[in-house]
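Worksheet: one structure, shown below.
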Amino acid sequence: MKRHLLLPLVLSAQLAAPFAYAEGRTLTDDTGRAVVVPERPQRVVVTHDPLLGVPILDIGGRLVGSYGRTDDGGSLAAVDFIDTVLGKDAVSERPKGVGPSGQMDFEKLRALDPDLIIGSEYNSGIVEQLAQIAPTYLQNTGTGRVRGFEVQQSLAGVLGMEDAFAARMSEYQESLAETRAALPARTEGQSYLVVIAHDDLRLVGETSGVIQAMEDLGYARAKVEGLGEGKGLGSNFAVPLSPELFMRLDPDVLVLMNSYTGTERDETSTRAKLDRIAPGWARFLRPETEGRTIYIDSAKVSTPSIASAEHALEAVRSWAAD
């Protein structure tokens with residue numbers, strides 16, 4: 001009789017922790033949690049489209065779901081990073097949405113029957129809820145914690161796709177060599193900065209393809225005095241930059257971008273945005289008056305993927321050819 005009374009309790013405990021006995025590899029995620037990850041995950045859901053989804057798709061991975069997408073796989077953001085970074089024909093099946101920005105829909109997530117959820121360190125507050133649906137691995141994405149391709153390389157390891165990452169790196173090295181050959185002078189010892197114009201100006205930090213590309217070309221980030229305590233370039237994706245400081249920037253190469261939250265991101269729109277934020281900049285900013293500015297589509301180069309870095313290299317080659 002006691003055995004029958006205990007059986008529902010045992011079943012309840014197993015259901016509360018459904019993946020405690022799952023087969024696979026035990027990994028430690030970036031928040032220090034032990035996670036049992038399937039050997040070859042087949043139904044992966046990510047909680048951030050550009051920072052987690054694009055790097056996985058770039059190495060040939062497959063996603064069944066992604067935060068910030070519609071039920072049929074369309075993007076809820078102003079820009080579809082899959083289309084912009086990888087191309088409209090790069091993915092045969094779009095990941096389905098699991099809720100709009102700021103509102104995770106756990107029922108939609110559960111309905112996708114994921115065998116692995118990959119979130120960022122910013123999902124630590126809901127990780128226990130996510131882990132009740134599928135094994136959940138939290139990957140660092142913030143500047144100061146990771147830089148450039150480190151996100152993509154780590155994700156390749158989680159998914160068992162190290163060979164695919166190595167193949168993409170080989171392609172990238174070829175593009176890098178082509179770009180170095182196109183530059184008119186040696187880049188070692190030369191400085192760079194990347195500025196993005198939202199409603200204000202911001203210096204771009206380390207977690208993006210454009211930063212990886214510039215540093216792989218040999219450029220070193222210029223020091224910027226006067227940002228203020230706690231606002232160094234390693235603190236966030238991008239840190240505020242006053243128009244006064246912007247006017248005084250003088251790296252050897254300055255990359256300028258318009259916000260990826262809008263549909264207009266070409267040179268003309270970037271110049272127009274800067275005219276509103278820092279009137280007269282084009283007459284006084286030395287890199288601009290001396291032809292040392294490169295204009296890049298921010299949506300193409302902001303993800304921590306090889307594809308984003310390749311877009312940045314293409315923009316550098318175009319600038320060098322002018």
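Numbering starts fresh at 1 for the residues of each chain in the structure tokens, the chains themselves are lettered A, B, ... in the order given, and ligands are numbered from 1 as they appear.
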task = Tell me, as a PyMOL selection string, which residues lie within 8 Å of A:Ile133, counting only C-alpha atoms; anything in the same chain fewer than 3 positions away does not count.
result = chain A and resi 109-110+113-114+129-130
Based on the selection just made, write C-alpha atoms of those residues as a PDB file, in the first residue's frame.
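See result-v7.pdb below for the written result:
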ATOM      1  CA  LEU A 109       8.304  27.380 -26.847  1.00  0.00           C
ATOM      2  CA  ARG A 110       7.028  24.102 -25.408  1.00  0.00           C
ATOM      3  CA  ASP A 113       9.439  20.442 -28.663  1.00  0.00           C
ATOM      4  CA  PRO A 114      13.052  21.659 -28.438  1.00  0.00           C
ATOM      5  CA  GLN A 129      11.513  27.954 -16.393  1.00  0.00           C
ATOM      6  CA  LEU A 130      13.337  27.330 -19.656  1.00  0.00           C
TER       7      LEU A 130
END
query = So which residues touch A:Ile296 within 8 Å, counting only C-alpha atoms, skipping near sequence neighbours fewer than 6 positions away, as JSON, numbers by chain?
reply = {"A": [255, 256, 257, 265, 266, 267, 312, 315]}
I need the residues from that last selection saved to file as a short mmCIF file (atom, residue, chain, number, x, y, z; two decimals), in the first residue's frame (with N, CA and C atoms), if you can.
data_model
loop_
_atom_site.label_atom_id
_atom_site.label_comp_id
_atom_site.auth_asym_id
_atom_site.auth_seq_id
_atom_site.Cartn_x
_atom_site.Cartn_y
_atom_site.Cartn_z
N VAL A 255 35.02 54.09 -38.65
CA VAL A 255 33.86 53.44 -39.25
C VAL A 255 32.60 54.09 -38.71
N LEU A 256 31.72 54.52 -39.61
CA LEU A 256 30.48 55.19 -39.23
C LEU A 256 29.29 54.37 -39.72
N MET A 257 28.29 54.21 -38.83
CA MET A 257 27.12 53.40 -39.16
C MET A 257 25.86 54.06 -38.63
N ARG A 265 20.17 52.54 -43.86
CA ARG A 265 21.46 52.38 -43.19
C ARG A 265 22.64 52.62 -44.13
N ASP A 266 22.40 53.29 -45.25
CA ASP A 266 23.49 53.55 -46.20
C ASP A 266 24.25 54.82 -45.80
N GLU A 267 25.22 55.21 -46.62
CA GLU A 267 26.05 56.38 -46.30
C GLU A 267 25.20 57.65 -46.21
N ALA A 312 32.12 43.29 -43.30
CA ALA A 312 33.00 44.40 -42.93
C ALA A 312 34.23 44.43 -43.84
N ALA A 315 33.39 45.94 -47.13
CA ALA A 315 33.27 47.41 -47.07
C ALA A 315 34.65 48.06 -47.04
#
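The space between atom CA of A:Leu183 and atom CA of A:Gly148 spans 21.9 Å.
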inquiry  = Between A:Leu27, A:Met161, A:Val301, A:Ala213, which residue has the minimum interatomic distance to A:Gln139, considering only C-alpha atoms?
reply    =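 Closest to A:Gln139, using only C-alpha atoms: A:Leu27.
Picture a line from atom CA of A:Val316 to atom CA of A:His48; it runs 27.9 Å.
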task = Assign secondary structure with DSSP using the backbone only, and return the residues of stretch 37-114 of chain A in helix (DSSP H, G or I) as number ranges by chain.
result = A: 49-58, 81-86, 106-111
Assign secondary structure with DSSP using the backbone only, and return the residues of stretch 141-263 of chain A in strand (DSSP E or B) as a PDB file with C-alpha atoms, in the first residue's frame.
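Final file, selection.pdb:
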ATOM      1  CA  THR A 143      31.132  42.964 -24.591  1.00  0.00           C
ATOM      2  CA  VAL A 146      33.344  37.708 -25.047  1.00  0.00           C
ATOM      3  CA  SER A 191      44.161  52.907 -35.002  1.00  0.00           C
ATOM      4  CA  TYR A 192      40.424  52.579 -35.603  1.00  0.00           C
ATOM      5  CA  LEU A 193      37.096  53.310 -33.945  1.00  0.00           C
ATOM      6  CA  VAL A 194      33.539  52.305 -34.824  1.00  0.00           C
ATOM      7  CA  VAL A 195      30.656  54.698 -34.124  1.00  0.00           C
ATOM      8  CA  ILE A 196      26.969  53.914 -34.512  1.00  0.00           C
ATOM      9  CA  ALA A 197      24.287  56.610 -34.602  1.00  0.00           C
ATOM     10  CA  LEU A 201      26.121  58.462 -30.743  1.00  0.00           C
ATOM     11  CA  ARG A 202      27.765  55.323 -29.386  1.00  0.00           C
ATOM     12  CA  LEU A 203      31.176  53.701 -29.591  1.00  0.00           C
ATOM     13  CA  VAL A 204      30.838  50.056 -30.603  1.00  0.00           C
ATOM     14  CA  ALA A 220      44.202  48.684 -32.881  1.00  0.00           C
ATOM     15  CA  ARG A 221      41.364  50.455 -31.094  1.00  0.00           C
ATOM     16  CA  ALA A 238      28.133  50.224 -27.412  1.00  0.00           C
ATOM     17  CA  VAL A 239      28.717  53.075 -24.965  1.00  0.00           C
ATOM     18  CA  PRO A 240      27.438  56.672 -25.170  1.00  0.00           C
ATOM     19  CA  LEU A 241      29.604  59.225 -26.934  1.00  0.00           C
ATOM     20  CA  VAL A 253      40.296  54.839 -39.713  1.00  0.00           C
ATOM     21  CA  LEU A 254      36.807  55.710 -38.467  1.00  0.00           C
ATOM     22  CA  VAL A 255      33.863  53.435 -39.255  1.00  0.00           C
ATOM     23  CA  LEU A 256      30.480  55.189 -39.231  1.00  0.00           C
ATOM     24  CA  MET A 257      27.122  53.401 -39.162  1.00  0.00           C
ATOM     25  CA  ASN A 258      23.457  54.300 -38.854  1.00  0.00           C
TER      26      ASN A 258
END
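In this structure, atom CA of A:Gly65 sits 8.0 Å away from atom CA of A:Arg94.
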key: 12 Å contact set for A:Glu178, only C-alpha atoms, chain neighbours under 3 positions out, as an MDAnalysis selection string   = chainID A and resid 171:175 181:183 217 310 313:314 316:318 320
key: Selection near A:Val151, 10 Å with only C-alpha atoms, sequence-local residues under 4 positions removed, as a PyMOL selection string   = chain A and resi 51-52+55-56+139-142+145-147+155-156+207-208+303-305
query = Can you tell me, as a PyMOL selection string, what residues are no more than 9 Å from A:Gly68 when counting only C-alpha atoms, ignoring any on the same chain fewer than 5 positions away?
reply = chain A and resi 47-49+74-77+97-102
ask   = Quick one: of A:Val64, A:Ile118, A:Leu112, A:Val54, who's nearest to A:Leu86, counting only C-alpha atoms?
value =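 Smallest separation from A:Leu86 among the options: A:Val54.
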request  = Give the answer as one residue: which of A:Asp252, A:Glu128, A:Glu244, A:Asp72 has the shortest atom-to-atom distance to A:Leu227, using only C-alpha atoms?
outcome  =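 Residue with the minimum atom-to-atom distance to A:Leu227: A:Glu244.
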key: Contacts of stretch 163-167 of chain A within 8 Å, only C-alpha atoms, excl. fewer than 6 positions in-chain, as a list in words   =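 With the cut-off at 8 Å, the set is Ile59, Gly60, Gln152, Gln153 and Ala156 of chain A.
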Output file for the residues above (N, CA and C atoms, as a short mmCIF file (atom, residue, chain, number, x, y, z; two decimals), in the first residue's frame):
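Result saved to result.cif:
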data_model
loop_
_atom_site.label_atom_id
_atom_site.label_comp_id
_atom_site.auth_asym_id
_atom_site.auth_seq_id
_atom_site.Cartn_x
_atom_site.Cartn_y
_atom_site.Cartn_z
N ILE A 59 27.14 28.67 -39.61
CA ILE A 59 27.98 27.48 -39.75
C ILE A 59 27.16 26.25 -40.17
N GLY A 60 25.95 26.51 -40.63
CA GLY A 60 25.13 25.42 -41.16
C GLY A 60 24.23 24.75 -40.15
N GLN A 152 30.55 32.51 -31.58
CA GLN A 152 30.28 31.51 -32.59
C GLN A 152 31.09 30.23 -32.36
N GLN A 153 32.34 30.39 -31.96
CA GLN A 153 33.17 29.22 -31.70
C GLN A 153 32.63 28.41 -30.53
N ALA A 156 29.55 26.53 -31.62
CA ALA A 156 29.93 25.37 -32.44
C ALA A 156 30.31 24.19 -31.55
#
